[in-house]
file run-v4.pdb (PDB, C-alpha atoms)
ATOM      1  CA  MET A   1     -36.486  12.891   2.115
ATOM      2  CA  ARG A   2     -39.192  10.487   0.994
ATOM      3  CA  TYR A   3     -40.071  12.780  -1.927
ATOM      4  CA  SER A   4     -36.412  12.893  -2.984
ATOM      5  CA  LEU A   5     -36.183   9.109  -2.956
ATOM      6  CA  ILE A   6     -39.364   8.803  -5.002
ATOM      7  CA  LEU A   7     -38.089  11.375  -7.498
ATOM      8  CA  LEU A   8     -34.697   9.666  -7.764
ATOM      9  CA  THR A   9     -36.355   6.281  -8.263
ATOM     10  CA  ALA A  10     -38.629   7.727 -10.927
ATOM     11  CA  LEU A  11     -35.720   9.327 -12.759
ATOM     12  CA  SER A  12     -33.706   6.094 -12.621
ATOM     13  CA  PHE A  13     -36.682   4.094 -13.884
ATOM     14  CA  SER A  14     -37.184   6.621 -16.687
ATOM     15  CA  SER A  15     -33.520   6.344 -17.717
ATOM     16  CA  ILE A  16     -33.679   2.541 -17.731
ATOM     17  CA  CYS A  17     -36.868   2.581 -19.812
ATOM     18  CA  GLN A  18     -35.351   5.077 -22.215
ATOM     19  CA  ALA A  19     -32.228   2.922 -22.632
ATOM     20  CA  GLU A  20     -34.322  -0.228 -23.109
ATOM     21  CA  ASP A  21     -36.538   1.540 -25.656
ATOM     22  CA  LEU A  22     -33.671   2.504 -27.953
ATOM     23  CA  GLN A  23     -34.128   1.044 -31.434
ATOM     24  CA  PRO A  24     -31.757   0.771 -34.400
ATOM     25  CA  GLN A  25     -31.584   3.923 -36.475
ATOM     26  CA  LEU A  26     -30.489   3.755 -40.098
ATOM     27  CA  ASN A  27     -29.051   6.481 -42.313
ATOM     28  CA  VAL A  28     -28.720   9.076 -39.588
ATOM     29  CA  SER A  29     -27.100  12.168 -41.105
ATOM     30  CA  TYR A  30     -23.891  13.419 -39.496
ATOM     31  CA  GLY A  31     -22.837  15.870 -42.218
ATOM     32  CA  PRO A  32     -23.930  17.707 -45.375
ATOM     33  CA  HIS A  33     -22.992  15.128 -48.047
ATOM     34  CA  ALA A  34     -25.363  12.348 -49.106
ATOM     35  CA  ARG A  35     -22.798   9.785 -47.933
ATOM     36  CA  ASN A  36     -22.462  11.381 -44.495
ATOM     37  CA  VAL A  37     -24.813   8.879 -42.891
ATOM     38  CA  LEU A  38     -24.483   6.207 -40.225
ATOM     39  CA  ASP A  39     -26.400   3.230 -38.838
ATOM     40  CA  PHE A  40     -26.824   2.969 -35.068
ATOM     41  CA  TYR A  41     -27.393  -0.427 -33.438
ATOM     42  CA  PRO A  42     -27.950   0.027 -29.682
ATOM     43  CA  ALA A  43     -27.121  -2.653 -27.161
ATOM     44  CA  LYS A  44     -29.758  -3.121 -24.471
ATOM     45  CA  SER A  45     -28.379  -1.812 -21.191
ATOM     46  CA  ASP A  46     -29.384   0.305 -18.213
ATOM     47  CA  SER A  47     -25.930   1.908 -18.196
ATOM     48  CA  PRO A  48     -23.953   3.630 -20.983
ATOM     49  CA  THR A  49     -22.572   1.082 -23.427
ATOM     50  CA  PRO A  50     -19.174   0.820 -25.124
ATOM     51  CA  VAL A  51     -19.208   1.418 -28.880
ATOM     52  CA  VAL A  52     -17.685  -0.273 -31.913
ATOM     53  CA  LEU A  53     -17.204   2.195 -34.759
ATOM     54  CA  TYR A  54     -17.241   0.233 -38.017
ATOM     55  CA  ILE A  55     -15.563   1.908 -41.007
ATOM     56  CA  HIS A  56     -16.036  -0.064 -44.220
ATOM     57  CA  GLY A  57     -13.325  -0.800 -46.750
ATOM     58  CA  GLY A  58     -13.324  -0.435 -50.515
ATOM     59  CA  GLY A  59     -10.226   1.586 -51.316
ATOM     60  CA  TRP A  60     -11.972   4.830 -50.340
ATOM     61  CA  ARG A  61     -13.610   4.440 -53.766
ATOM     62  CA  GLY A  62     -16.457   2.015 -52.994
ATOM     63  CA  GLY A  63     -18.058  -0.057 -50.276
ATOM     64  CA  ASP A  64     -20.916   0.422 -47.843
ATOM     65  CA  LYS A  65     -21.611   0.464 -44.107
ATOM     66  CA  LYS A  66     -23.750  -2.685 -44.077
ATOM     67  CA  THR A  67     -22.640  -4.924 -41.200
ATOM     68  CA  ASN A  68     -23.882  -7.566 -38.772
ATOM     69  CA  PRO A  69     -23.706  -6.161 -35.220
ATOM     70  CA  LYS A  70     -25.027  -9.245 -33.390
ATOM     71  CA  ALA A  71     -21.747 -10.483 -31.873
ATOM     72  CA  PHE A  72     -21.217  -7.118 -30.195
ATOM     73  CA  LEU A  73     -24.832  -6.489 -29.210
ATOM     74  CA  ASP A  74     -24.910  -9.867 -27.461
ATOM     75  CA  LYS A  75     -22.057  -8.620 -25.266
ATOM     76  CA  GLY A  76     -23.652  -5.269 -24.441
ATOM     77  CA  ILE A  77     -21.616  -3.277 -26.957
ATOM     78  CA  SER A  78     -23.387  -0.896 -29.321
ATOM     79  CA  VAL A  79     -22.332  -0.666 -32.969
ATOM     80  CA  ILE A  80     -22.250   2.343 -35.267
ATOM     81  CA  ALA A  81     -21.380   1.846 -38.936
ATOM     82  CA  ILE A  82     -20.607   4.833 -41.145
ATOM     83  CA  ASN A  83     -20.570   5.781 -44.782
ATOM     84  CA  TYR A  84     -18.264   8.576 -45.877
ATOM     85  CA  ARG A  85     -17.275  10.470 -48.993
ATOM     86  CA  TYR A  86     -15.143   8.544 -51.451
ATOM     87  CA  VAL A  87     -11.959  10.091 -52.845
ATOM     88  CA  GLN A  88     -13.812  10.796 -56.096
ATOM     89  CA  ASN A  89     -16.344  12.807 -54.106
ATOM     90  CA  GLY A  90     -13.429  14.717 -52.658
ATOM     91  CA  GLU A  91     -12.096  15.409 -56.150
ATOM     92  CA  GLU A  92     -15.515  16.656 -57.255
ATOM     93  CA  GLU A  93     -15.523  19.059 -54.308
ATOM     94  CA  ASN A  94     -11.885  20.114 -54.891
ATOM     95  CA  VAL A  95     -10.767  18.611 -51.587
ATOM     96  CA  VAL A  96      -6.947  18.549 -51.516
ATOM     97  CA  PRO A  97      -5.729  15.898 -51.190
ATOM     98  CA  PRO A  98      -8.790  13.759 -52.013
ATOM     99  CA  VAL A  99      -8.142  11.365 -49.087
ATOM    100  CA  LYS A 100      -8.949  14.238 -46.739
ATOM    101  CA  ALA A 101     -12.634  13.648 -47.574
ATOM    102  CA  PRO A 102     -13.028  10.082 -46.222
ATOM    103  CA  LEU A 103     -10.648  10.599 -43.313
ATOM    104  CA  GLY A 104     -12.166  13.917 -42.309
ATOM    105  CA  ASP A 105     -15.653  12.432 -42.520
ATOM    106  CA  ALA A 106     -14.658   9.581 -40.192
ATOM    107  CA  ALA A 107     -13.347  12.070 -37.642
ATOM    108  CA  ARG A 108     -16.551  14.103 -37.883
ATOM    109  CA  ALA A 109     -18.674  10.968 -37.505
ATOM    110  CA  LEU A 110     -16.751  10.060 -34.344
ATOM    111  CA  GLN A 111     -17.388  13.518 -32.912
ATOM    112  CA  PHE A 112     -21.066  13.279 -33.860
ATOM    113  CA  ILE A 113     -21.328   9.930 -32.065
ATOM    114  CA  ARG A 114     -19.873  11.428 -28.908
ATOM    115  CA  SER A 115     -22.344  14.308 -29.135
ATOM    116  CA  LYS A 116     -25.140  11.705 -29.057
ATOM    117  CA  ALA A 117     -23.760   9.841 -26.029
ATOM    118  CA  LYS A 118     -26.487  10.834 -23.584
ATOM    119  CA  GLU A 119     -29.359  10.413 -26.053
ATOM    120  CA  TRP A 120     -28.072   7.052 -27.300
ATOM    121  CA  ASN A 121     -26.872   5.704 -23.916
ATOM    122  CA  LEU A 122     -23.213   5.488 -24.996
ATOM    123  CA  ASP A 123     -19.997   5.548 -23.010
ATOM    124  CA  LYS A 124     -18.062   8.138 -24.997
ATOM    125  CA  THR A 125     -14.820   7.102 -23.278
ATOM    126  CA  LYS A 126     -15.012   3.566 -24.697
ATOM    127  CA  ILE A 127     -15.124   3.730 -28.484
ATOM    128  CA  GLY A 128     -13.133   1.189 -30.479
ATOM    129  CA  ALA A 129     -12.733   1.446 -34.246
ATOM    130  CA  THR A 130     -12.575  -1.405 -36.716
ATOM    131  CA  GLY A 131     -12.638  -2.048 -40.428
ATOM    132  CA  GLY A 132     -10.814  -3.729 -43.270
ATOM    133  CA  SER A 133      -8.353  -2.387 -45.833
ATOM    134  CA  ALA A 134      -9.089   1.331 -46.365
ATOM    135  CA  GLY A 135     -11.462   1.235 -43.387
ATOM    136  CA  ALA A 136      -8.619  -0.217 -41.351
ATOM    137  CA  CYS A 137      -6.270   2.528 -42.530
ATOM    138  CA  THR A 138      -8.822   5.157 -41.513
ATOM    139  CA  SER A 139      -9.267   3.496 -38.116
ATOM    140  CA  LEU A 140      -5.514   3.604 -37.502
ATOM    141  CA  TRP A 141      -5.329   7.231 -38.605
ATOM    142  CA  LEU A 142      -7.957   8.107 -35.999
ATOM    143  CA  ALA A 143      -6.214   5.997 -33.362
ATOM    144  CA  PHE A 144      -2.826   7.656 -33.829
ATOM    145  CA  HIS A 145      -3.749  11.224 -34.720
ATOM    146  CA  ASP A 146      -3.628  13.907 -32.038
ATOM    147  CA  ASP A 147      -7.060  15.013 -30.865
ATOM    148  CA  MET A 148      -8.766  17.065 -33.574
ATOM    149  CA  ALA A 149     -11.341  18.569 -31.206
ATOM    150  CA  ASP A 150     -11.693  22.341 -31.369
ATOM    151  CA  PRO A 151     -12.659  23.432 -27.845
ATOM    152  CA  LYS A 152     -13.273  27.022 -29.004
ATOM    153  CA  SER A 153     -15.619  26.096 -31.852
ATOM    154  CA  ASP A 154     -19.147  27.478 -32.018
ATOM    155  CA  ASP A 155     -20.157  24.018 -33.222
ATOM    156  CA  PRO A 156     -20.678  21.703 -30.203
ATOM    157  CA  ILE A 157     -19.935  18.631 -32.320
ATOM    158  CA  ALA A 158     -16.543  20.017 -33.317
ATOM    159  CA  ARG A 159     -15.691  20.379 -29.621
ATOM    160  CA  GLU A 160     -15.936  16.598 -29.116
ATOM    161  CA  SER A 161     -12.799  14.437 -28.997
ATOM    162  CA  THR A 162     -11.579  12.301 -31.898
ATOM    163  CA  ARG A 163      -9.454  10.012 -29.739
ATOM    164  CA  LEU A 164     -10.201   6.280 -29.565
ATOM    165  CA  TYR A 165     -10.151   3.794 -26.698
ATOM    166  CA  CYS A 166      -8.711   1.081 -28.962
ATOM    167  CA  ALA A 167      -8.676  -0.151 -32.557
ATOM    168  CA  ALA A 168      -8.688  -3.624 -34.104
ATOM    169  CA  VAL A 169      -8.250  -3.780 -37.865
ATOM    170  CA  ASN A 170      -7.997  -6.232 -40.743
ATOM    171  CA  GLY A 171      -5.567  -6.048 -43.660
ATOM    172  CA  ALA A 172      -4.658  -2.454 -42.867
ATOM    173  CA  GLN A 173      -2.561  -0.157 -44.974
ATOM    174  CA  VAL A 174      -0.400   1.546 -42.360
ATOM    175  CA  SER A 175       1.426   4.023 -44.574
ATOM    176  CA  LEU A 176       0.753   6.143 -47.655
ATOM    177  CA  ASP A 177       4.450   6.788 -48.254
ATOM    178  CA  PRO A 178       5.531   4.973 -51.447
ATOM    179  CA  LYS A 179       9.207   5.299 -50.515
ATOM    180  CA  GLU A 180       9.002   3.243 -47.346
ATOM    181  CA  LEU A 181       6.324   0.933 -48.773
ATOM    182  CA  ARG A 182       8.580   0.023 -51.704
ATOM    183  CA  GLU A 183      11.430  -0.586 -49.246
ATOM    184  CA  TRP A 184       9.203  -3.027 -47.364
ATOM    185  CA  MET A 185       7.689  -4.557 -50.534
ATOM    186  CA  PRO A 186       9.259  -3.801 -53.930
ATOM    187  CA  ASN A 187       6.001  -4.684 -55.737
ATOM    188  CA  TYR A 188       3.770  -2.316 -53.751
ATOM    189  CA  ARG A 189       1.532  -0.251 -56.037
ATOM    190  CA  TYR A 190      -1.535   0.932 -54.075
ATOM    191  CA  GLY A 191      -2.534   4.356 -52.807
ATOM    192  CA  ALA A 192      -1.824   6.962 -55.485
ATOM    193  CA  HIS A 193      -5.519   7.881 -55.717
ATOM    194  CA  ALA A 194      -5.412   9.125 -52.126
ATOM    195  CA  PHE A 195      -3.405  12.072 -53.390
ATOM    196  CA  GLY A 196      -5.117  12.434 -56.755
ATOM    197  CA  TYR A 197      -2.474  10.656 -58.864
ATOM    198  CA  LYS A 198      -2.919   7.812 -61.347
ATOM    199  CA  ASP A 199      -0.158   5.527 -60.111
ATOM    200  CA  LEU A 200       2.464   5.264 -57.416
ATOM    201  CA  GLN A 201       5.295   6.331 -59.687
ATOM    202  CA  ASN A 202       3.582   9.701 -60.103
ATOM    203  CA  VAL A 203       3.548  10.046 -56.324
ATOM    204  CA  ILE A 204       7.242   9.151 -56.147
ATOM    205  CA  ASP A 205       8.052  11.674 -58.890
ATOM    206  CA  ASN A 206       6.174  14.371 -56.970
ATOM    207  CA  ARG A 207       7.431  13.382 -53.533
ATOM    208  CA  GLU A 208       8.328  16.888 -52.358
ATOM    209  CA  LYS A 209       4.831  18.152 -53.124
ATOM    210  CA  VAL A 210       3.179  15.123 -51.592
ATOM    211  CA  LEU A 211       5.370  14.902 -48.472
ATOM    212  CA  PRO A 212       3.203  17.217 -46.289
ATOM    213  CA  TRP A 213       0.176  15.092 -47.219
ATOM    214  CA  ILE A 214       2.052  11.914 -46.320
ATOM    215  CA  HIS A 215       2.906  13.369 -42.918
ATOM    216  CA  GLU A 216      -0.729  14.315 -42.274
ATOM    217  CA  TYR A 217      -2.679  11.362 -43.708
ATOM    218  CA  SER A 218      -0.336   8.390 -43.284
ATOM    219  CA  PRO A 219      -1.244   6.600 -40.016
ATOM    220  CA  ILE A 220       2.278   5.534 -39.108
ATOM    221  CA  GLU A 221       3.431   9.160 -39.199
ATOM    222  CA  HIS A 222       1.283   9.926 -36.135
ATOM    223  CA  VAL A 223       2.452   7.099 -33.881
ATOM    224  CA  SER A 224       3.257   8.276 -30.345
ATOM    225  CA  LYS A 225       3.553   6.720 -26.886
ATOM    226  CA  ASP A 226       0.096   7.947 -25.800
ATOM    227  CA  ASP A 227      -1.692   5.944 -28.499
ATOM    228  CA  PRO A 228      -4.463   3.488 -27.521
ATOM    229  CA  PRO A 229      -4.156  -0.317 -27.666
ATOM    230  CA  ILE A 230      -3.986  -1.623 -31.235
ATOM    231  CA  ALA A 231      -4.665  -5.044 -32.760
ATOM    232  CA  LEU A 232      -3.584  -5.842 -36.321
ATOM    233  CA  PHE A 233      -4.933  -8.887 -38.163
ATOM    234  CA  TYR A 234      -3.609 -10.098 -41.521
ATOM    235  CA  ARG A 235      -4.163 -13.089 -43.790
ATOM    236  CA  GLY A 236      -2.230 -14.368 -46.804
ATOM    237  CA  GLU A 237       1.412 -15.335 -46.678
ATOM    238  CA  VAL A 238       3.837 -15.352 -43.792
ATOM    239  CA  PRO A 239       5.168 -11.778 -43.901
ATOM    240  CA  VAL A 240       8.816 -11.352 -44.847
ATOM    241  CA  VAL A 241      10.051  -7.764 -45.019
ATOM    242  CA  GLY A 242      11.687  -7.133 -48.378
ATOM    243  CA  ALA A 243       9.678  -9.803 -50.193
ATOM    244  CA  SER A 244       7.085  -9.238 -52.934
ATOM    245  CA  PRO A 245       3.861 -10.812 -51.626
ATOM    246  CA  LYS A 246       0.949 -11.858 -53.815
ATOM    247  CA  ASP A 247      -1.294  -9.214 -52.252
ATOM    248  CA  PRO A 248       0.969  -6.355 -51.175
ATOM    249  CA  THR A 249      -2.016  -4.058 -50.556
ATOM    250  CA  HIS A 250      -3.089  -6.151 -47.555
ATOM    251  CA  SER A 251       0.188  -7.811 -46.616
ATOM    252  CA  GLY A 252       1.157  -8.550 -43.035
ATOM    253  CA  ILE A 253       4.519  -6.968 -43.819
ATOM    254  CA  MET A 254       2.876  -3.642 -43.067
ATOM    255  CA  GLY A 255       1.656  -4.987 -39.748
ATOM    256  CA  VAL A 256       5.165  -6.156 -38.866
ATOM    257  CA  LYS A 257       6.624  -2.711 -39.556
ATOM    258  CA  LEU A 258       3.896  -0.858 -37.676
ATOM    259  CA  ALA A 259       4.107  -3.247 -34.709
ATOM    260  CA  GLU A 260       7.858  -2.632 -34.537
ATOM    261  CA  ARG A 261       7.228   1.111 -34.281
ATOM    262  CA  LEU A 262       4.461   0.746 -31.690
ATOM    263  CA  GLU A 263       6.252  -1.769 -29.490
ATOM    264  CA  ALA A 264       9.425   0.331 -29.481
ATOM    265  CA  ILE A 265       7.580   3.121 -27.661
ATOM    266  CA  GLY A 266       5.462   0.907 -25.426
ATOM    267  CA  VAL A 267       2.065   0.987 -27.124
ATOM    268  CA  ASP A 268      -0.057  -2.074 -26.290
ATOM    269  CA  THR A 269       0.045  -4.005 -29.583
ATOM    270  CA  VAL A 270      -1.333  -7.309 -30.848
ATOM    271  CA  LEU A 271      -0.200  -8.613 -34.240
ATOM    272  CA  VAL A 272      -1.782 -11.704 -35.782
ATOM    273  CA  HIS A 273      -0.703 -13.089 -39.161
ATOM    274  CA  PRO A 274       0.086 -16.454 -40.773
ATOM    275  CA  GLY A 275       3.037 -17.987 -38.976
ATOM    276  CA  ILE A 276       2.003 -16.867 -35.512
ATOM    277  CA  GLU A 277       0.944 -19.912 -33.543
ATOM    278  CA  LYS A 278      -1.866 -19.887 -30.992
ATOM    279  CA  PRO A 279      -2.686 -16.171 -31.060
ATOM    280  CA  LYS A 280      -4.552 -14.838 -28.033
ATOM    281  CA  TYR A 281      -7.283 -13.419 -30.277
ATOM    282  CA  LYS A 282      -8.742 -15.181 -33.306
ATOM    283  CA  ASN A 283     -10.028 -12.011 -34.927
ATOM    284  CA  SER A 284     -10.791  -8.323 -34.446
ATOM    285  CA  THR A 285     -14.245  -9.079 -33.024
ATOM    286  CA  ASP A 286     -12.791 -11.158 -30.176
ATOM    287  CA  TYR A 287     -10.271  -8.438 -29.421
ATOM    288  CA  LEU A 288     -12.827  -5.621 -29.330
ATOM    289  CA  ILE A 289     -15.216  -7.567 -27.125
ATOM    290  CA  ASP A 290     -12.407  -8.287 -24.678
ATOM    291  CA  LYS A 291     -11.085  -4.710 -24.579
ATOM    292  CA  LEU A 292     -14.421  -2.913 -24.519
ATOM    293  CA  SER A 293     -15.958  -5.221 -21.907
ATOM    294  CA  LYS A 294     -13.323  -4.474 -19.258
TER     295      LYS A 294
END
call {"tool": "encode", "arguments": {"input": "run-v4.pdb", "output": "structure tokens"}}
result
Amino acid sequence: MRYSLILLTALSFSSICQAEDLQPQLNVSYGPHARNVLDFYPAKSDSPTPVVLYIHGGGWRGGDKKTNPKAFLDKGISVIAINYRYVQNGEEENVVPPVKAPLGDAARALQFIRSKAKEWNLDKTKIGATGGSAGACTSLWLAFHDDMADPKSDDPIARESTRLYCAAVNGAQVSLDPKELREWMPNYRYGAHAFGYKDLQNVIDNREKVLPWIHEYSPIEHVSKDDPPIALFYRGEVPVVGASPKDPTHSGIMGVKLAERLEAIGVDTVLVHPGIEKPKYKNSTDYLIDKLSK
């Protein structure tokens, strides 16, 4: 009995030391492409930590994973920031449609992170995604999409779940469907490059061809009652559905329409935009800290 207690104490001490010894790791490869790399910022803890998955914006055509993790680390939440293939990388590799490259990479990165849970002292059940613009769109796609894990795969990473605990995003595009986007905002013009077209009118003219892609890669198409809690943050003008805002690409009108869909089926939803007084959360960081700390 005494030996067992000594062994258990030694193992516990070893685990604590290992967790305390974790250091940031930069440019860890999670896939074959040069942009399939992530930065890991571990929070100091003797128990598995929640994780913020940061997905950078840049229209899926630019941007980088550089971020400041301090606010989360101070609260015992680890941060992992990813790079991913741009749509132009997808075109070079004949990925159809090109947006499959960045979105698929984000899903793979999430699975890779879960595969590292024990080594990196992570709670794989508490992963919240965040990002702005295209990174926000990707985060929502992950949040709403059915689990893409393949339990029969020979690849242990592919057997990991792609489901999220929550997501909090900034200036998100919630749809890639030009038909509904133009109904919400007549001056909407973003997103054709996701499908390999030059402008939105080309997408509209080829709607029948593009429709299966819209169903698969448009976040709002995957909304269901089992989705995790979602927080949507927007700046700019007070959103008015049917108006033509100055920045339609990041307009809160999209948040209004997505929140309507989510609330109608009972998904826990927070929407913050100009015109909402005294919001419970000032920003996505506050929301994620609150949700992931519970």
call {"tool": "residues_around", "arguments": {"input": "run-v4.pdb", "residues": "Lys75 in chain A", "least_positions_apart": "4", "cutoff": "9 Å", "atoms": "all atoms listed in the file", "output": "MDAnalysis selection string"}}
result
chainID A and resid 43 70:71 289 293
call {"tool": "resolve_selection", "arguments": {"input": "run-v4.pdb", "expression": "the PyMOL selection byres ((chain A and resi 243) around 12)", "output": "compact mmCIF listing (two decimals) with C-alpha atoms, in the coordinates of the input"}}
result
# COMPACT_ATOMS: atom_id res chain seq x y z
CA LEU A 181 6.32 0.93 -48.77
CA ARG A 182 8.58 0.02 -51.70
CA GLU A 183 11.43 -0.59 -49.25
CA TRP A 184 9.20 -3.03 -47.36
CA MET A 185 7.69 -4.56 -50.53
CA PRO A 186 9.26 -3.80 -53.93
CA ASN A 187 6.00 -4.68 -55.74
CA TYR A 188 3.77 -2.32 -53.75
CA GLU A 237 1.41 -15.34 -46.68
CA VAL A 238 3.84 -15.35 -43.79
CA PRO A 239 5.17 -11.78 -43.90
CA VAL A 240 8.82 -11.35 -44.85
CA VAL A 241 10.05 -7.76 -45.02
CA GLY A 242 11.69 -7.13 -48.38
CA SER A 244 7.08 -9.24 -52.93
CA PRO A 245 3.86 -10.81 -51.63
CA LYS A 246 0.95 -11.86 -53.82
CA ASP A 247 -1.29 -9.21 -52.25
CA PRO A 248 0.97 -6.36 -51.18
CA SER A 251 0.19 -7.81 -46.62
CA GLY A 252 1.16 -8.55 -43.04
CA ILE A 253 4.52 -6.97 -43.82
CA MET A 254 2.88 -3.64 -43.07
call {"tool": "resolve_selection", "arguments": {"input": "run-v4.pdb", "expression": "the PyMOL selection byres ((chain A and resi 287) around 10)", "output": "list of chain:residue names"}}
result
A:Cys166, A:Ala167, A:Ala168, A:Val169, A:Ile230, A:Ala231, A:Leu232, A:Val270, A:Lys280, A:Tyr281, A:Lys282, A:Asn283, A:Ser284, A:Thr285, A:Asp286, A:Leu288, A:Ile289, A:Asp290, A:Lys291, A:Leu292, A:Ser293
call {"tool": "closest_residue", "arguments": {"input": "run-v4.pdb", "among": "A:Ala158, A:Val210, A:Ile276, A:Leu164", "to": "Gly104 in chain A", "atoms": "only C-alpha atoms"}}
result
A:Ala158
call {"tool": "closest_residue", "arguments": {"input": "run-v4.pdb", "among": "A:Val256, A:Ile82, A:Leu262, A:Leu22", "to": "Asp105 in chain A", "atoms": "only C-alpha atoms"}}
result
A:Ile82
call {"tool": "closest_residue", "arguments": {"input": "run-v4.pdb", "among": "A:Pro32, A:Gly90, A:Gly76, A:Pro102", "to": "Asp123 in chain A", "atoms": "only C-alpha atoms"}}
result
A:Gly76
call {"tool": "closest_residue", "arguments": {"input": "run-v4.pdb", "among": "A:Gly196, A:Pro156, A:Gly275, A:Gly63", "to": "Lys100 in chain A", "atoms": "all atoms listed in the file"}}
result
A:Gly196
call {"tool": "closest_residue", "arguments": {"input": "run-v4.pdb", "among": "A:Tyr197, A:Tyr30, A:Tyr190, A:Phe112", "to": "Thr162 in chain A", "atoms": "only C-alpha atoms"}}
result
A:Phe112
call {"tool": "decode", "arguments": {"input": "run-v4.pdb", "residues": "range 146-152 of chain A", "atoms": "all heavy atoms", "output": "PDB file, in the first residue's frame"}}
result
ATOM      1  N   ASP A 146     -21.261  19.055 -39.131  1.00  0.00           N
ATOM      2  CA  ASP A 146     -21.266  17.753 -38.467  1.00  0.00           C
ATOM      3  C   ASP A 146     -19.829  17.276 -38.286  1.00  0.00           C
ATOM      4  O   ASP A 146     -18.928  17.675 -39.043  1.00  0.00           O
ATOM      5  CB  ASP A 146     -22.041  16.733 -39.294  1.00  0.00           C
ATOM      6  CG  ASP A 146     -23.546  16.983 -39.292  1.00  0.00           C
ATOM      7  OD1 ASP A 146     -24.015  17.717 -38.404  1.00  0.00           O
ATOM      8  OD2 ASP A 146     -24.236  16.443 -40.180  1.00  0.00           O
ATOM      9  N   ASP A 147     -19.624  16.409 -37.321  1.00  0.00           N
ATOM     10  CA  ASP A 147     -18.280  15.915 -37.021  1.00  0.00           C
ATOM     11  C   ASP A 147     -17.669  15.265 -38.266  1.00  0.00           C
ATOM     12  O   ASP A 147     -18.277  14.396 -38.895  1.00  0.00           O
ATOM     13  CB  ASP A 147     -18.341  14.912 -35.875  1.00  0.00           C
ATOM     14  CG  ASP A 147     -17.010  14.765 -35.167  1.00  0.00           C
ATOM     15  OD1 ASP A 147     -15.959  14.992 -35.797  1.00  0.00           O
ATOM     16  OD2 ASP A 147     -17.015  14.420 -33.973  1.00  0.00           O
ATOM     17  N   MET A 148     -16.459  15.711 -38.597  1.00  0.00           N
ATOM     18  CA  MET A 148     -15.754  15.171 -39.764  1.00  0.00           C
ATOM     19  C   MET A 148     -14.747  14.079 -39.400  1.00  0.00           C
ATOM     20  O   MET A 148     -13.945  13.653 -40.223  1.00  0.00           O
ATOM     21  CB  MET A 148     -15.058  16.314 -40.520  1.00  0.00           C
ATOM     22  CG  MET A 148     -16.047  17.235 -41.200  1.00  0.00           C
ATOM     23  SD  MET A 148     -15.292  18.731 -41.901  1.00  0.00           S
ATOM     24  CE  MET A 148     -15.343  19.830 -40.483  1.00  0.00           C
ATOM     25  N   ALA A 149     -14.798  13.610 -38.159  1.00  0.00           N
ATOM     26  CA  ALA A 149     -13.918  12.518 -37.740  1.00  0.00           C
ATOM     27  C   ALA A 149     -14.236  11.260 -38.537  1.00  0.00           C
ATOM     28  O   ALA A 149     -15.392  10.993 -38.871  1.00  0.00           O
ATOM     29  CB  ALA A 149     -14.094  12.239 -36.251  1.00  0.00           C
ATOM     30  N   ASP A 150     -13.189  10.503 -38.839  1.00  0.00           N
ATOM     31  CA  ASP A 150     -13.349   9.219 -39.521  1.00  0.00           C
ATOM     32  C   ASP A 150     -12.878   8.121 -38.574  1.00  0.00           C
ATOM     33  O   ASP A 150     -11.689   7.810 -38.502  1.00  0.00           O
ATOM     34  CB  ASP A 150     -12.527   9.202 -40.810  1.00  0.00           C
ATOM     35  CG  ASP A 150     -12.663   7.886 -41.573  1.00  0.00           C
ATOM     36  OD1 ASP A 150     -13.399   6.993 -41.099  1.00  0.00           O
ATOM     37  OD2 ASP A 150     -12.022   7.739 -42.638  1.00  0.00           O
ATOM     38  N   PRO A 151     -13.799   7.531 -37.818  1.00  0.00           N
ATOM     39  CA  PRO A 151     -13.409   6.557 -36.791  1.00  0.00           C
ATOM     40  C   PRO A 151     -12.737   5.307 -37.348  1.00  0.00           C
ATOM     41  O   PRO A 151     -12.056   4.592 -36.614  1.00  0.00           O
ATOM     42  CB  PRO A 151     -14.739   6.214 -36.108  1.00  0.00           C
ATOM     43  CG  PRO A 151     -15.796   6.582 -37.088  1.00  0.00           C
ATOM     44  CD  PRO A 151     -15.256   7.746 -37.862  1.00  0.00           C
ATOM     45  N   LYS A 152     -12.891   5.038 -38.639  1.00  0.00           N
ATOM     46  CA  LYS A 152     -12.304   3.848 -39.251  1.00  0.00           C
ATOM     47  C   LYS A 152     -10.968   4.128 -39.932  1.00  0.00           C
ATOM     48  O   LYS A 152     -10.366   3.223 -40.518  1.00  0.00           O
ATOM     49  CB  LYS A 152     -13.278   3.251 -40.263  1.00  0.00           C
ATOM     50  CG  LYS A 152     -14.591   2.765 -39.652  1.00  0.00           C
ATOM     51  CD  LYS A 152     -15.513   2.174 -40.699  1.00  0.00           C
ATOM     52  CE  LYS A 152     -16.815   1.682 -40.086  1.00  0.00           C
ATOM     53  NZ  LYS A 152     -17.732   1.118 -41.126  1.00  0.00           N
TER      54      LYS A 152
END
